[in-house]
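**Q** Mind having a look at this structure? Questions to follow.
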Amino acid sequence: MSYNWNWDIFLSPTPSGESTYLGWLLNGLQWTLTLSLGAWIMALVLGIGLGVLRTVPNRLLAGSAAAYVEVFRNVPLLVQLFIWYFVLPELLPTTLGDALKQTDPLAQQFFAALLCLGCFTAARVCEQVRAGIASLPRGQRNAGLALGLTLPQTYRYVLLPMALRLILPPLTSEFLNVFKNSAVASTIGLIELSRQSQQLVDYTAQAYEAFIAVTVLYVLINVLVMFGMRVLERRTRVPGYIGGK
Amino acid sequence: MSMIQIENVSKWYGDFQVLTDCGTHVNAGEVVVVCGPSGSGKSTLIRCVNGLEAIQQGRIVVNGTALAEPTTNLSKLRAQVGMVFQNFELFPHMSVTDNLTIAQVKVLGRSTEEALARGLTMLDRVGLKAQATKFPGALSGGQQQRVAIARALAMDPICMLFDEPTSALDPEMVNEVLDVMVELATEGMTMMCVTHEMGFARKVADRVIFMDHGRIVEDASKDDFFGTPRAERAQLFLSKILQH
Ligand SMILES: Nc1ncnc2c1ncn2[C@@H]1O[C@H](COP(=O)(O)OP(=O)(O)OP(=O)(O)O)[C@@H](O)[C@H]1O
Ligand SMILES: [Mg+2]
């Protein structure tokens, strides 16, 4: 089998002439990054909140958070995305649903994917946060409360700072998963990185170059995330803490 | 006047009754030692005093405030009641100084400078001024417990609760903590101490309470308790722990 390697393909103009194929890839990369970072921030905020709720001494709150996790962790991501994108607009009041359908399709795709990834990842972050809080010595909560801190203050100043430090390694892998999972957005038409490389193959038949390039970009994201999280781990390390109970 | 009033308190964990009809009191300036076998409910009782555990029956009044009253601000009350735990429970991610000041600032609303000054005074008092910038993980157990006592004292508490403050310590560190407690007691601090350190009890206790199976089976002045404990279990218990 002979294959014509042609790395110059990236610098060739696309059929529409507005951009090069490299420009396409970078555009896809931009969507992947925006979507993933947005979803990650959403997942952190929501996930920490839910993780806290799972550990509060209130059955209703803890139960609701647990139910959220069950739903969002167990329904396949692809199905969730279709629900956000196709089903949700139908469930909204007609005027609101219609207004939504009138908006820019790209915006619709992006926000459906953002909500989907954010809510899905939040369920996973929630479980990590719950485990982190549960792994702290039970007396820490009492020590905070006994000093007169309110329960929210105890979480804010005593429990969460330690719990979050303990779960930094698993959070790193959740963070990496967001980038991988963001590829599902291509199924509703958002032209993110993986979809852009597909398109590049369709147009140029230079499959190897396209897939190598896209792989390098994903690997680069991974390396950057891992490096960033390592730095964070080092910066927040507690002197002399041996961990656990 | 009673600083701590415990009346007919019963508590259950599900079906299991941990406390049965417990009643006692701690007067202002008094030191009361609580002892008894493992699992007898000592920790539970002392945690009920500052509302860390809810009770299902009875009444607890601290400095005139009934804990169960819906109008009672539990956080406010706890801020006035110092508590020292078996496992120290310093906050590991905070320096000694931050451990000492966090509640002063967040709960009492003191300025950072004021809180720092008060914290360092208390740290000096427990003999650890040189450790101010260290983290708890860098201190020995005895030092951590003394910092924990200083942290409680920095809140200017009206009384102090101790839950086996020396039982997680290596033997050579027990005395440094007991010395601080003895000093507090002689200065007139109101104290309720769960401890098996009978030397401490003999030295500074006004009364000794003996618990067994969730009941207070003996509540006597120190002299009566060590002279002639009436309850058989207490006698047996005493003879066991006094052998060492
Ligand atoms: N959260 C809980 N849920 C269920 N049972 C509990 C709980 N906490 C304590 N208990 C039980 O209540 C009883 C009294 O416990 P507590 O810790 O008050 O005993 P203690 O006298 O302090 O014992 P020790 O000397 O071992 O500290 C024990 O049998 C214990 O197993
Ligand atoms: Mg105990």
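Residues are referred to by chain and number: the chain letter is A, B, ... according to the order shown in the structure tokens, the number counts from 1 in that chain, and ligands are numbered separately from 1 in the order shown.
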Taking only C-alpha atoms and all ligand atoms and a cut-off of 7 Å, can you tell me which residues surround ligand 2, written as an mmCIF file with N, CA, C and O atoms, in the first residue's frame?
**A**
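Wrote it out as result.cif, contents follow:
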data_model
loop_
_atom_site.group_PDB
_atom_site.id
_atom_site.type_symbol
_atom_site.label_atom_id
_atom_site.label_comp_id
_atom_site.auth_asym_id
_atom_site.auth_seq_id
_atom_site.Cartn_x
_atom_site.Cartn_y
_atom_site.Cartn_z
ATOM 1 N N SER B 38 -15.030 1.915 78.763
ATOM 2 C CA SER B 38 -15.208 2.260 77.357
ATOM 3 C C SER B 38 -16.629 1.922 76.907
ATOM 4 O O SER B 38 -17.166 0.881 77.260
ATOM 5 N N GLY B 39 -17.221 2.847 76.176
ATOM 6 C CA GLY B 39 -18.572 2.616 75.665
ATOM 7 C C GLY B 39 -19.661 2.971 76.649
ATOM 8 O O GLY B 39 -20.844 2.744 76.386
ATOM 9 N N LYS B 42 -19.523 8.357 77.994
ATOM 10 C CA LYS B 42 -18.885 9.589 78.490
ATOM 11 C C LYS B 42 -18.750 10.637 77.392
ATOM 12 O O LYS B 42 -19.126 11.796 77.571
ATOM 13 N N SER B 43 -18.203 10.208 76.243
ATOM 14 C CA SER B 43 -18.029 11.153 75.138
ATOM 15 C C SER B 43 -19.382 11.686 74.675
ATOM 16 O O SER B 43 -19.532 12.880 74.399
ATOM 17 N N ASP B 163 -12.496 15.844 76.444
ATOM 18 C CA ASP B 163 -12.858 14.445 76.203
ATOM 19 C C ASP B 163 -11.598 13.612 76.054
ATOM 20 O O ASP B 163 -11.012 13.536 74.988
ATOM 21 N N GLU B 164 -11.186 12.975 77.109
ATOM 22 C CA GLU B 164 -9.964 12.158 77.142
ATOM 23 C C GLU B 164 -8.788 12.851 76.454
ATOM 24 O O GLU B 164 -8.213 12.319 75.501
#
**Q** How close does chain B get to chain A? List, as JSON lines, each residue of chain B within 9 Å, its nearest atom pair and the distance in Å to one decimal, counting only C-alpha atoms.
**A**
{"residue": "B:Arg47", "atom": "CA", "partner": "A:Asn142", "partner_atom": "CA", "distance": 9.0}
{"residue": "B:Asn50", "atom": "CA", "partner": "A:Ala146", "partner_atom": "CA", "distance": 7.2}
{"residue": "B:Gly51", "atom": "CA", "partner": "A:Ala146", "partner_atom": "CA", "distance": 8.7}
{"residue": "B:Leu52", "atom": "CA", "partner": "A:Asn142", "partner_atom": "CA", "distance": 6.8}
{"residue": "B:Leu74", "atom": "CA", "partner": "A:Gly148", "partner_atom": "CA", "distance": 7.8}
{"residue": "B:Ser75", "atom": "CA", "partner": "A:Gly148", "partner_atom": "CA", "distance": 4.4}
{"residue": "B:Lys76", "atom": "CA", "partner": "A:Gly148", "partner_atom": "CA", "distance": 5.9}
{"residue": "B:Leu77", "atom": "CA", "partner": "A:Gly148", "partner_atom": "CA", "distance": 7.2}
{"residue": "B:Arg78", "atom": "CA", "partner": "A:Gly148", "partner_atom": "CA", "distance": 4.9}
{"residue": "B:Ala79", "atom": "CA", "partner": "A:Gly148", "partner_atom": "CA", "distance": 4.0}
{"residue": "B:Gln80", "atom": "CA", "partner": "A:Gly148", "partner_atom": "CA", "distance": 7.8}
{"residue": "B:Val81", "atom": "CA", "partner": "A:Ala146", "partner_atom": "CA", "distance": 7.5}
{"residue": "B:Gly82", "atom": "CA", "partner": "A:Leu147", "partner_atom": "CA", "distance": 6.9}
{"residue": "B:Met83", "atom": "CA", "partner": "A:Ala146", "partner_atom": "CA", "distance": 6.3}
{"residue": "B:Val84", "atom": "CA", "partner": "A:Ala143", "partner_atom": "CA", "distance": 8.2}
{"residue": "B:Phe85", "atom": "CA", "partner": "A:Gly139", "partner_atom": "CA", "distance": 7.8}
{"residue": "B:Asn87", "atom": "CA", "partner": "A:Gly139", "partner_atom": "CA", "distance": 7.7}
{"residue": "B:Phe88", "atom": "CA", "partner": "A:Gly139", "partner_atom": "CA", "distance": 8.6}
{"residue": "B:Glu89", "atom": "CA", "partner": "A:Gln140", "partner_atom": "CA", "distance": 5.6}
{"residue": "B:Leu90", "atom": "CA", "partner": "A:Gln140", "partner_atom": "CA", "distance": 7.7}
{"residue": "B:Phe91", "atom": "CA", "partner": "A:Val158", "partner_atom": "CA", "distance": 6.6}
{"residue": "B:Pro92", "atom": "CA", "partner": "A:Tyr241", "partner_atom": "CA", "distance": 6.7}
{"residue": "B:His93", "atom": "CA", "partner": "A:Val238", "partner_atom": "CA", "distance": 5.5}
{"residue": "B:Met94", "atom": "CA", "partner": "A:Val238", "partner_atom": "CA", "distance": 8.2}
{"residue": "B:Ile102", "atom": "CA", "partner": "A:Tyr157", "partner_atom": "CA", "distance": 8.5}
{"residue": "B:Ala103", "atom": "CA", "partner": "A:Leu147", "partner_atom": "CA", "distance": 6.2}
{"residue": "B:Gln104", "atom": "CA", "partner": "A:Leu147", "partner_atom": "CA", "distance": 8.7}
{"residue": "B:Lys106", "atom": "CA", "partner": "A:Leu149", "partner_atom": "CA", "distance": 7.3}
{"residue": "B:Val107", "atom": "CA", "partner": "A:Leu149", "partner_atom": "CA", "distance": 6.1}
{"residue": "B:Leu108", "atom": "CA", "partner": "A:Gly148", "partner_atom": "CA", "distance": 8.7}
{"residue": "B:Lys134", "atom": "CA", "partner": "A:Pro239", "partner_atom": "CA", "distance": 8.5}
{"residue": "B:Phe135", "atom": "CA", "partner": "A:Pro239", "partner_atom": "CA", "distance": 6.3}
{"residue": "B:Pro136", "atom": "CA", "partner": "A:Gly240", "partner_atom": "CA", "distance": 7.5}
{"residue": "B:Gly137", "atom": "CA", "partner": "A:Gly240", "partner_atom": "CA", "distance": 4.2}
{"residue": "B:Ala138", "atom": "CA", "partner": "A:Gly240", "partner_atom": "CA", "distance": 5.3}
{"residue": "B:Leu139", "atom": "CA", "partner": "A:Gly240", "partner_atom": "CA", "distance": 8.7}
{"residue": "B:Arg151", "atom": "CA", "partner": "A:Leu147", "partner_atom": "CA", "distance": 8.7}
{"residue": "B:Ala152", "atom": "CA", "partner": "A:Leu147", "partner_atom": "CA", "distance": 7.1}
{"residue": "B:Met155", "atom": "CA", "partner": "A:Leu147", "partner_atom": "CA", "distance": 7.9}
**Q** Can you list every residue in chain B that DSSP puts in helix (DSSP H, G or I), as a PyMOL selection string?
**A** chain B and resi 42-49+74-80+96-106+112-125+129-131+136-138+141-153+171-186+198-204+222-227+232-243
**Q** What do you get as a PyMOL selection string if you pick all residues at most 10 Å from ligand 1, counting only C-alpha atoms and all ligand atoms?
**A** chain B and resi 11-19+34-48+53+86+163-164+167+194-196+211-214
**Q** Kindly save the residues from that selection, with N, CA and C atoms included, as a compact mmCIF listing (two decimals), in the first residue's frame.
**A**
# COMPACT_ATOMS: atom_id res chain seq x y z
N LYS B 11 -30.72 9.54 75.62
CA LYS B 11 -30.39 9.66 74.19
C LYS B 11 -30.31 8.29 73.56
N TRP B 12 -30.81 8.21 72.34
CA TRP B 12 -30.77 6.95 71.61
C TRP B 12 -30.03 7.14 70.28
N TYR B 13 -29.28 6.11 69.88
CA TYR B 13 -28.82 6.02 68.48
C TYR B 13 -29.68 4.95 67.84
N GLY B 14 -30.70 5.33 67.12
CA GLY B 14 -31.64 4.34 66.60
C GLY B 14 -32.33 3.66 67.77
N ASP B 15 -32.19 2.33 67.85
CA ASP B 15 -32.82 1.58 68.94
C ASP B 15 -31.94 1.51 70.17
N PHE B 16 -30.67 1.88 69.98
CA PHE B 16 -29.70 1.69 71.06
C PHE B 16 -29.69 2.89 71.99
N GLN B 17 -29.96 2.66 73.26
CA GLN B 17 -29.98 3.76 74.21
C GLN B 17 -28.57 3.99 74.75
N VAL B 18 -27.98 5.14 74.40
CA VAL B 18 -26.62 5.46 74.87
C VAL B 18 -26.64 6.09 76.24
N LEU B 19 -27.62 6.96 76.48
CA LEU B 19 -27.69 7.65 77.76
C LEU B 19 -29.06 7.40 78.38
N VAL B 34 -15.24 13.02 84.74
CA VAL B 34 -16.15 11.94 84.35
C VAL B 34 -15.31 10.74 83.95
N CYS B 35 -15.58 9.60 84.58
CA CYS B 35 -14.85 8.40 84.18
C CYS B 35 -15.81 7.24 84.04
N GLY B 36 -15.29 6.12 83.58
CA GLY B 36 -16.15 4.95 83.37
C GLY B 36 -15.58 4.12 82.25
N PRO B 37 -16.06 2.87 82.14
CA PRO B 37 -15.50 1.97 81.13
C PRO B 37 -15.78 2.45 79.70
N SER B 38 -15.03 1.92 78.76
CA SER B 38 -15.21 2.26 77.36
C SER B 38 -16.63 1.92 76.91
N GLY B 39 -17.22 2.85 76.18
CA GLY B 39 -18.57 2.62 75.67
C GLY B 39 -19.66 2.97 76.65
N SER B 40 -19.29 3.55 77.80
CA SER B 40 -20.32 3.84 78.80
C SER B 40 -21.07 5.13 78.49
N GLY B 41 -20.63 5.89 77.49
CA GLY B 41 -21.39 7.07 77.09
C GLY B 41 -20.77 8.38 77.53
N LYS B 42 -19.52 8.36 77.99
CA LYS B 42 -18.88 9.59 78.49
C LYS B 42 -18.75 10.64 77.39
N SER B 43 -18.20 10.21 76.24
CA SER B 43 -18.03 11.15 75.14
C SER B 43 -19.38 11.69 74.68
N THR B 44 -20.34 10.79 74.59
CA THR B 44 -21.66 11.20 74.15
C THR B 44 -22.22 12.26 75.09
N LEU B 45 -22.12 12.02 76.37
CA LEU B 45 -22.66 12.97 77.35
C LEU B 45 -22.00 14.34 77.20
N ILE B 46 -20.68 14.34 77.09
CA ILE B 46 -19.98 15.61 77.06
C ILE B 46 -20.27 16.35 75.74
N ARG B 47 -20.50 15.58 74.66
CA ARG B 47 -20.85 16.22 73.39
C ARG B 47 -22.26 16.79 73.41
N CYS B 48 -23.09 16.23 74.28
CA CYS B 48 -24.45 16.78 74.40
C CYS B 48 -24.41 18.15 75.07
N GLU B 53 -24.29 16.76 69.96
CA GLU B 53 -25.24 15.66 69.81
C GLU B 53 -26.57 16.14 70.36
N GLN B 86 -9.96 14.14 72.12
CA GLN B 86 -8.96 13.09 72.28
C GLN B 86 -7.89 13.17 71.18
N ASP B 163 -12.50 15.84 76.44
CA ASP B 163 -12.86 14.44 76.20
C ASP B 163 -11.60 13.61 76.05
N GLU B 164 -11.19 12.98 77.11
CA GLU B 164 -9.96 12.16 77.14
C GLU B 164 -8.79 12.85 76.45
N SER B 167 -5.49 10.59 76.30
CA SER B 167 -5.45 9.14 76.06
C SER B 167 -4.88 8.78 74.69
N VAL B 194 -13.67 14.39 80.80
CA VAL B 194 -13.66 12.94 80.71
C VAL B 194 -12.20 12.53 80.73
N THR B 195 -11.81 11.77 81.73
CA THR B 195 -10.42 11.33 81.79
C THR B 195 -10.27 10.17 82.75
N HIS B 196 -9.27 9.37 82.49
CA HIS B 196 -8.96 8.29 83.43
C HIS B 196 -7.70 8.60 84.22
N MET B 211 -19.62 6.68 85.16
CA MET B 211 -20.69 6.25 84.26
C MET B 211 -20.52 4.78 83.91
N ASP B 212 -21.67 4.12 83.71
CA ASP B 212 -21.64 2.73 83.27
C ASP B 212 -22.90 2.46 82.47
N HIS B 213 -22.76 1.88 81.30
CA HIS B 213 -23.91 1.57 80.45
C HIS B 213 -24.87 2.74 80.27
N GLY B 214 -24.30 3.91 80.06
CA GLY B 214 -25.14 5.07 79.75
C GLY B 214 -25.81 5.69 80.97
**Q** Work out how far apart CA of Val32 (chain B) and CA of Ala154 (chain B) are and give it in Å to one decimal.
**A** 21.9 Å
**Q** Within 12 Å of Ala130 (chain B), counting only C-alpha atoms, which residues qualify if same-chain residues fewer than 2 places away don't, as a PDB file with C-alpha atoms, in the first residue's frame?
**A**
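Heads up, here's the output in part-v2.pdb:
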ATOM      1  CA  VAL B  96      -0.730  27.137  64.473  1.00  0.00           C
ATOM      2  CA  THR B  97      -1.484  30.865  64.332  1.00  0.00           C
ATOM      3  CA  LEU B 120      -0.193  34.277  70.951  1.00  0.00           C
ATOM      4  CA  THR B 121      -0.843  35.083  74.592  1.00  0.00           C
ATOM      5  CA  LEU B 123       0.114  29.965  73.014  1.00  0.00           C
ATOM      6  CA  ASP B 124       2.677  31.438  75.352  1.00  0.00           C
ATOM      7  CA  ARG B 125       0.605  30.263  78.247  1.00  0.00           C
ATOM      8  CA  VAL B 126       0.830  26.647  77.127  1.00  0.00           C
ATOM      9  CA  GLY B 127       4.550  27.160  76.556  1.00  0.00           C
ATOM     10  CA  LEU B 128       4.585  26.990  72.770  1.00  0.00           C
ATOM     11  CA  ALA B 132       3.512  29.811  66.159  1.00  0.00           C
ATOM     12  CA  THR B 133       4.362  29.551  62.472  1.00  0.00           C
ATOM     13  CA  LYS B 134       4.527  25.765  62.306  1.00  0.00           C
ATOM     14  CA  LEU B 139       4.289  19.152  66.231  1.00  0.00           C
ATOM     15  CA  GLN B 143       2.294  19.998  71.597  1.00  0.00           C
ATOM     16  CA  VAL B 147      -2.210  24.186  70.926  1.00  0.00           C
TER      17      VAL B 147
END
**Q** Report, in Å with one decimal, the straight-line distance from CA of Lys180 (chain A) to CA of Ile133 (chain A).
**A**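 Interatomic distance, CA of Lys180 (chain A) to CA of Ile133 (chain A): 27.4 Å.
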**Q** Would you pick out the contacts of region 8-13 of chain A at 10 Å or less, using only C-alpha atoms, so that residues sharing its chain but fewer than 5 positions from it are not included, and give the list as a PyMOL selection string?
**A** chain A and resi 18-25+200+204+206+209-210+213
**Q** So which one's closest to Pro76 (chain A), A:Leu117, A:Leu33, A:Leu217, A:Leu160? Using only C-alpha atoms, please.
**A**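 Checking each of A:Leu117, A:Leu33, A:Leu217, A:Leu160 against Pro76 (chain A), counting only C-alpha atoms, the winner is A:Leu117.
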**Q** Do you have the CA of Ala220 (chain B)-CA of Cys159 (chain B) distance handy?
**A** 20.4 Å
**Q** Write out as a list of chain:residue names the residues lying within 8 Å of Val61 (chain B), counting only C-alpha atoms and excluding same-chain residues fewer than 2 positions away.
**A**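 After dropping sequence-adjacent residues, the list is B:Met3, B:Ile4, B:Gln5, B:Ile6, B:Arg59, B:Asn63, B:Gly64, B:Thr65, B:Ala66, B:Leu67.
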**Q** Store the residues picked out above, limited to all heavy atoms, as a short mmCIF file (atom, residue, chain, number, x, y, z; two decimals), in the first residue's frame.
**A**
data_model
loop_
_atom_site.label_atom_id
_atom_site.label_comp_id
_atom_site.auth_asym_id
_atom_site.auth_seq_id
_atom_site.Cartn_x
_atom_site.Cartn_y
_atom_site.Cartn_z
N MET B 3 -23.14 26.24 86.24
CA MET B 3 -22.72 26.64 84.90
C MET B 3 -23.31 25.67 83.89
O MET B 3 -23.81 26.06 82.85
CB MET B 3 -21.19 26.60 84.84
CG MET B 3 -20.63 27.01 83.52
SD MET B 3 -20.90 28.73 83.17
CE MET B 3 -19.53 29.45 84.05
N ILE B 4 -23.24 24.37 84.24
CA ILE B 4 -23.80 23.34 83.37
C ILE B 4 -24.82 22.54 84.17
O ILE B 4 -24.50 22.03 85.24
CB ILE B 4 -22.71 22.38 82.86
CG1 ILE B 4 -21.64 23.15 82.07
CG2 ILE B 4 -23.31 21.27 82.01
CD1 ILE B 4 -20.40 22.31 81.77
N GLN B 5 -26.02 22.47 83.65
CA GLN B 5 -27.07 21.73 84.34
C GLN B 5 -27.56 20.64 83.40
O GLN B 5 -27.97 20.93 82.28
CB GLN B 5 -28.21 22.72 84.65
CG GLN B 5 -29.32 22.17 85.50
CD GLN B 5 -28.93 22.05 86.97
OE1 GLN B 5 -28.25 22.93 87.49
NE2 GLN B 5 -29.33 20.96 87.61
N ILE B 6 -27.47 19.39 83.82
CA ILE B 6 -27.91 18.26 82.99
C ILE B 6 -29.05 17.58 83.73
O ILE B 6 -28.85 17.10 84.85
CB ILE B 6 -26.74 17.28 82.76
CG1 ILE B 6 -25.60 17.99 82.02
CG2 ILE B 6 -27.20 16.05 81.98
CD1 ILE B 6 -24.32 17.16 81.92
N ARG B 59 -33.12 17.81 79.62
CA ARG B 59 -32.85 19.21 79.41
C ARG B 59 -31.39 19.49 79.78
O ARG B 59 -30.87 18.95 80.75
CB ARG B 59 -33.73 20.02 80.36
CG ARG B 59 -34.14 21.38 79.87
CD ARG B 59 -35.31 21.84 80.73
NE ARG B 59 -34.81 22.56 81.90
CZ ARG B 59 -34.76 23.89 81.97
NH1 ARG B 59 -35.16 24.63 80.97
NH2 ARG B 59 -34.29 24.48 83.05
N ASN B 63 -25.00 27.95 81.39
CA ASN B 63 -24.94 29.36 81.74
C ASN B 63 -26.30 30.03 81.56
O ASN B 63 -26.41 31.13 81.01
CB ASN B 63 -23.89 30.07 80.86
CG ASN B 63 -23.53 31.43 81.43
OD1 ASN B 63 -23.59 31.65 82.64
ND2 ASN B 63 -23.15 32.34 80.55
N GLY B 64 -27.35 29.33 81.98
CA GLY B 64 -28.68 29.90 81.91
C GLY B 64 -29.38 29.75 80.57
O GLY B 64 -30.55 30.12 80.44
N THR B 65 -28.72 29.20 79.58
CA THR B 65 -29.34 29.02 78.26
C THR B 65 -29.70 27.56 78.04
O THR B 65 -28.82 26.69 78.09
CB THR B 65 -28.38 29.46 77.14
OG1 THR B 65 -27.89 30.76 77.44
CG2 THR B 65 -29.07 29.45 75.80
N ALA B 66 -30.99 27.29 77.81
CA ALA B 66 -31.41 25.92 77.54
C ALA B 66 -31.09 25.58 76.09
O ALA B 66 -31.49 26.29 75.18
CB ALA B 66 -32.90 25.76 77.82
N LEU B 67 -30.36 24.48 75.89
CA LEU B 67 -29.90 24.15 74.54
C LEU B 67 -31.04 23.89 73.56
O LEU B 67 -30.94 24.25 72.39
CB LEU B 67 -29.00 22.90 74.59
CG LEU B 67 -27.50 23.16 74.59
CD1 LEU B 67 -27.10 23.96 75.79
CD2 LEU B 67 -26.74 21.85 74.54
#
**Q** Name the closest residue to Ile188 (chain A) among the candidates A:Gly38, A:Gly17, A:Pro105, A:Pro57; distances are taken between atoms, counting only C-alpha atoms.
**A**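 Result for the nearest residue to Ile188 (chain A): A:Pro105.
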**Q** I want to know what sits within 12 Å of Gly132 (chain A), based on only C-alpha atoms, with residues of the same chain fewer than 3 positions away left out; could you give that as JSON, numbers by chain?
**A** {"A": [48, 51, 52, 54, 55, 125, 126, 127, 128, 129, 135, 136, 137, 138, 159, 160, 161, 162, 163, 164, 165, 166, 167, 168, 169, 170, 171, 243, 244, 245]}
**Q** Just the selected residues (N, CA and C atoms), exported as a compact mmCIF listing (two decimals), in the first residue's frame, please.
**A**
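Output below, filename again.txt:
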# COMPACT_ATOMS: atom_id res chain seq x y z
N ILE A 48 -19.11 20.49 43.80
CA ILE A 48 -18.72 20.75 45.19
C ILE A 48 -19.97 21.00 46.03
N GLY A 51 -21.64 17.69 46.49
CA GLY A 51 -20.84 16.83 47.37
C GLY A 51 -21.02 17.21 48.83
N VAL A 52 -21.10 18.52 49.08
CA VAL A 52 -21.35 19.01 50.44
C VAL A 52 -22.72 18.54 50.89
N ARG A 54 -24.39 16.03 50.04
CA ARG A 54 -24.44 14.59 50.32
C ARG A 54 -23.97 14.28 51.73
N THR A 55 -23.23 15.19 52.36
CA THR A 55 -22.68 14.88 53.68
C THR A 55 -23.33 15.69 54.80
N VAL A 125 -17.81 14.69 40.03
CA VAL A 125 -17.09 15.53 40.99
C VAL A 125 -17.74 15.40 42.37
N CYS A 126 -19.07 15.40 42.38
CA CYS A 126 -19.82 15.28 43.64
C CYS A 126 -19.37 14.05 44.41
N GLU A 127 -19.25 12.93 43.73
CA GLU A 127 -18.86 11.70 44.42
C GLU A 127 -17.45 11.79 44.98
N GLN A 128 -16.57 12.44 44.24
CA GLN A 128 -15.21 12.61 44.74
C GLN A 128 -15.22 13.50 45.99
N VAL A 129 -15.96 14.59 45.93
CA VAL A 129 -16.02 15.52 47.06
C VAL A 129 -16.61 14.82 48.29
N SER A 135 -13.53 11.02 54.17
CA SER A 135 -12.25 10.45 54.59
C SER A 135 -11.56 11.30 55.67
N LEU A 136 -12.11 12.48 55.95
CA LEU A 136 -11.52 13.29 57.02
C LEU A 136 -11.92 12.70 58.36
N PRO A 137 -11.07 12.88 59.38
CA PRO A 137 -11.46 12.39 60.71
C PRO A 137 -12.78 13.03 61.13
N ARG A 138 -13.67 12.23 61.72
CA ARG A 138 -14.99 12.73 62.10
C ARG A 138 -14.91 13.93 63.05
N LEU A 159 -13.55 21.76 56.50
CA LEU A 159 -13.69 20.47 55.81
C LEU A 159 -13.28 20.54 54.34
N LEU A 160 -13.82 21.52 53.60
CA LEU A 160 -13.53 21.55 52.16
C LEU A 160 -12.05 21.77 51.83
N PRO A 161 -11.37 22.68 52.52
CA PRO A 161 -9.96 22.87 52.15
C PRO A 161 -9.14 21.58 52.23
N MET A 162 -9.40 20.77 53.23
CA MET A 162 -8.67 19.50 53.32
C MET A 162 -9.21 18.48 52.33
N ALA A 163 -10.53 18.38 52.24
CA ALA A 163 -11.13 17.37 51.35
C ALA A 163 -10.69 17.61 49.91
N LEU A 164 -10.68 18.87 49.48
CA LEU A 164 -10.31 19.16 48.09
C LEU A 164 -8.84 18.84 47.84
N ARG A 165 -8.00 19.09 48.83
CA ARG A 165 -6.59 18.72 48.66
C ARG A 165 -6.45 17.20 48.48
N LEU A 166 -7.21 16.45 49.29
CA LEU A 166 -7.09 15.00 49.23
C LEU A 166 -7.54 14.45 47.88
N ILE A 167 -8.50 15.11 47.24
CA ILE A 167 -9.05 14.53 46.01
C ILE A 167 -8.47 15.17 44.75
N LEU A 168 -7.40 15.92 44.88
CA LEU A 168 -6.82 16.51 43.67
C LEU A 168 -6.44 15.46 42.61
N PRO A 169 -5.81 14.33 42.98
CA PRO A 169 -5.48 13.35 41.93
C PRO A 169 -6.71 12.82 41.17
N PRO A 170 -7.76 12.34 41.86
CA PRO A 170 -8.92 11.91 41.08
C PRO A 170 -9.59 13.07 40.31
N LEU A 171 -9.53 14.28 40.85
CA LEU A 171 -10.10 15.40 40.11
C LEU A 171 -9.34 15.64 38.81
N GLY A 243 -1.88 12.41 56.15
CA GLY A 243 -3.10 11.98 55.49
C GLY A 243 -3.89 10.96 56.27
N GLY A 244 -5.15 10.79 55.83
CA GLY A 244 -6.01 9.78 56.44
C GLY A 244 -6.39 10.11 57.86
N LYS A 245 -6.85 9.08 58.55
CA LYS A 245 -7.41 9.28 59.89
C LYS A 245 -6.32 9.33 60.94
**Q** I want to know what sits within 12 Å of Leu220 (chain A), based on only C-alpha atoms, with residues of the same chain fewer than 4 positions away left out; could you give that as a list in words?
**A** Leu29, Leu33, Leu176, Phe179, Ala213, Val214, Thr215, Val216, Leu224, Val225, Met226 and Phe227 of chain A
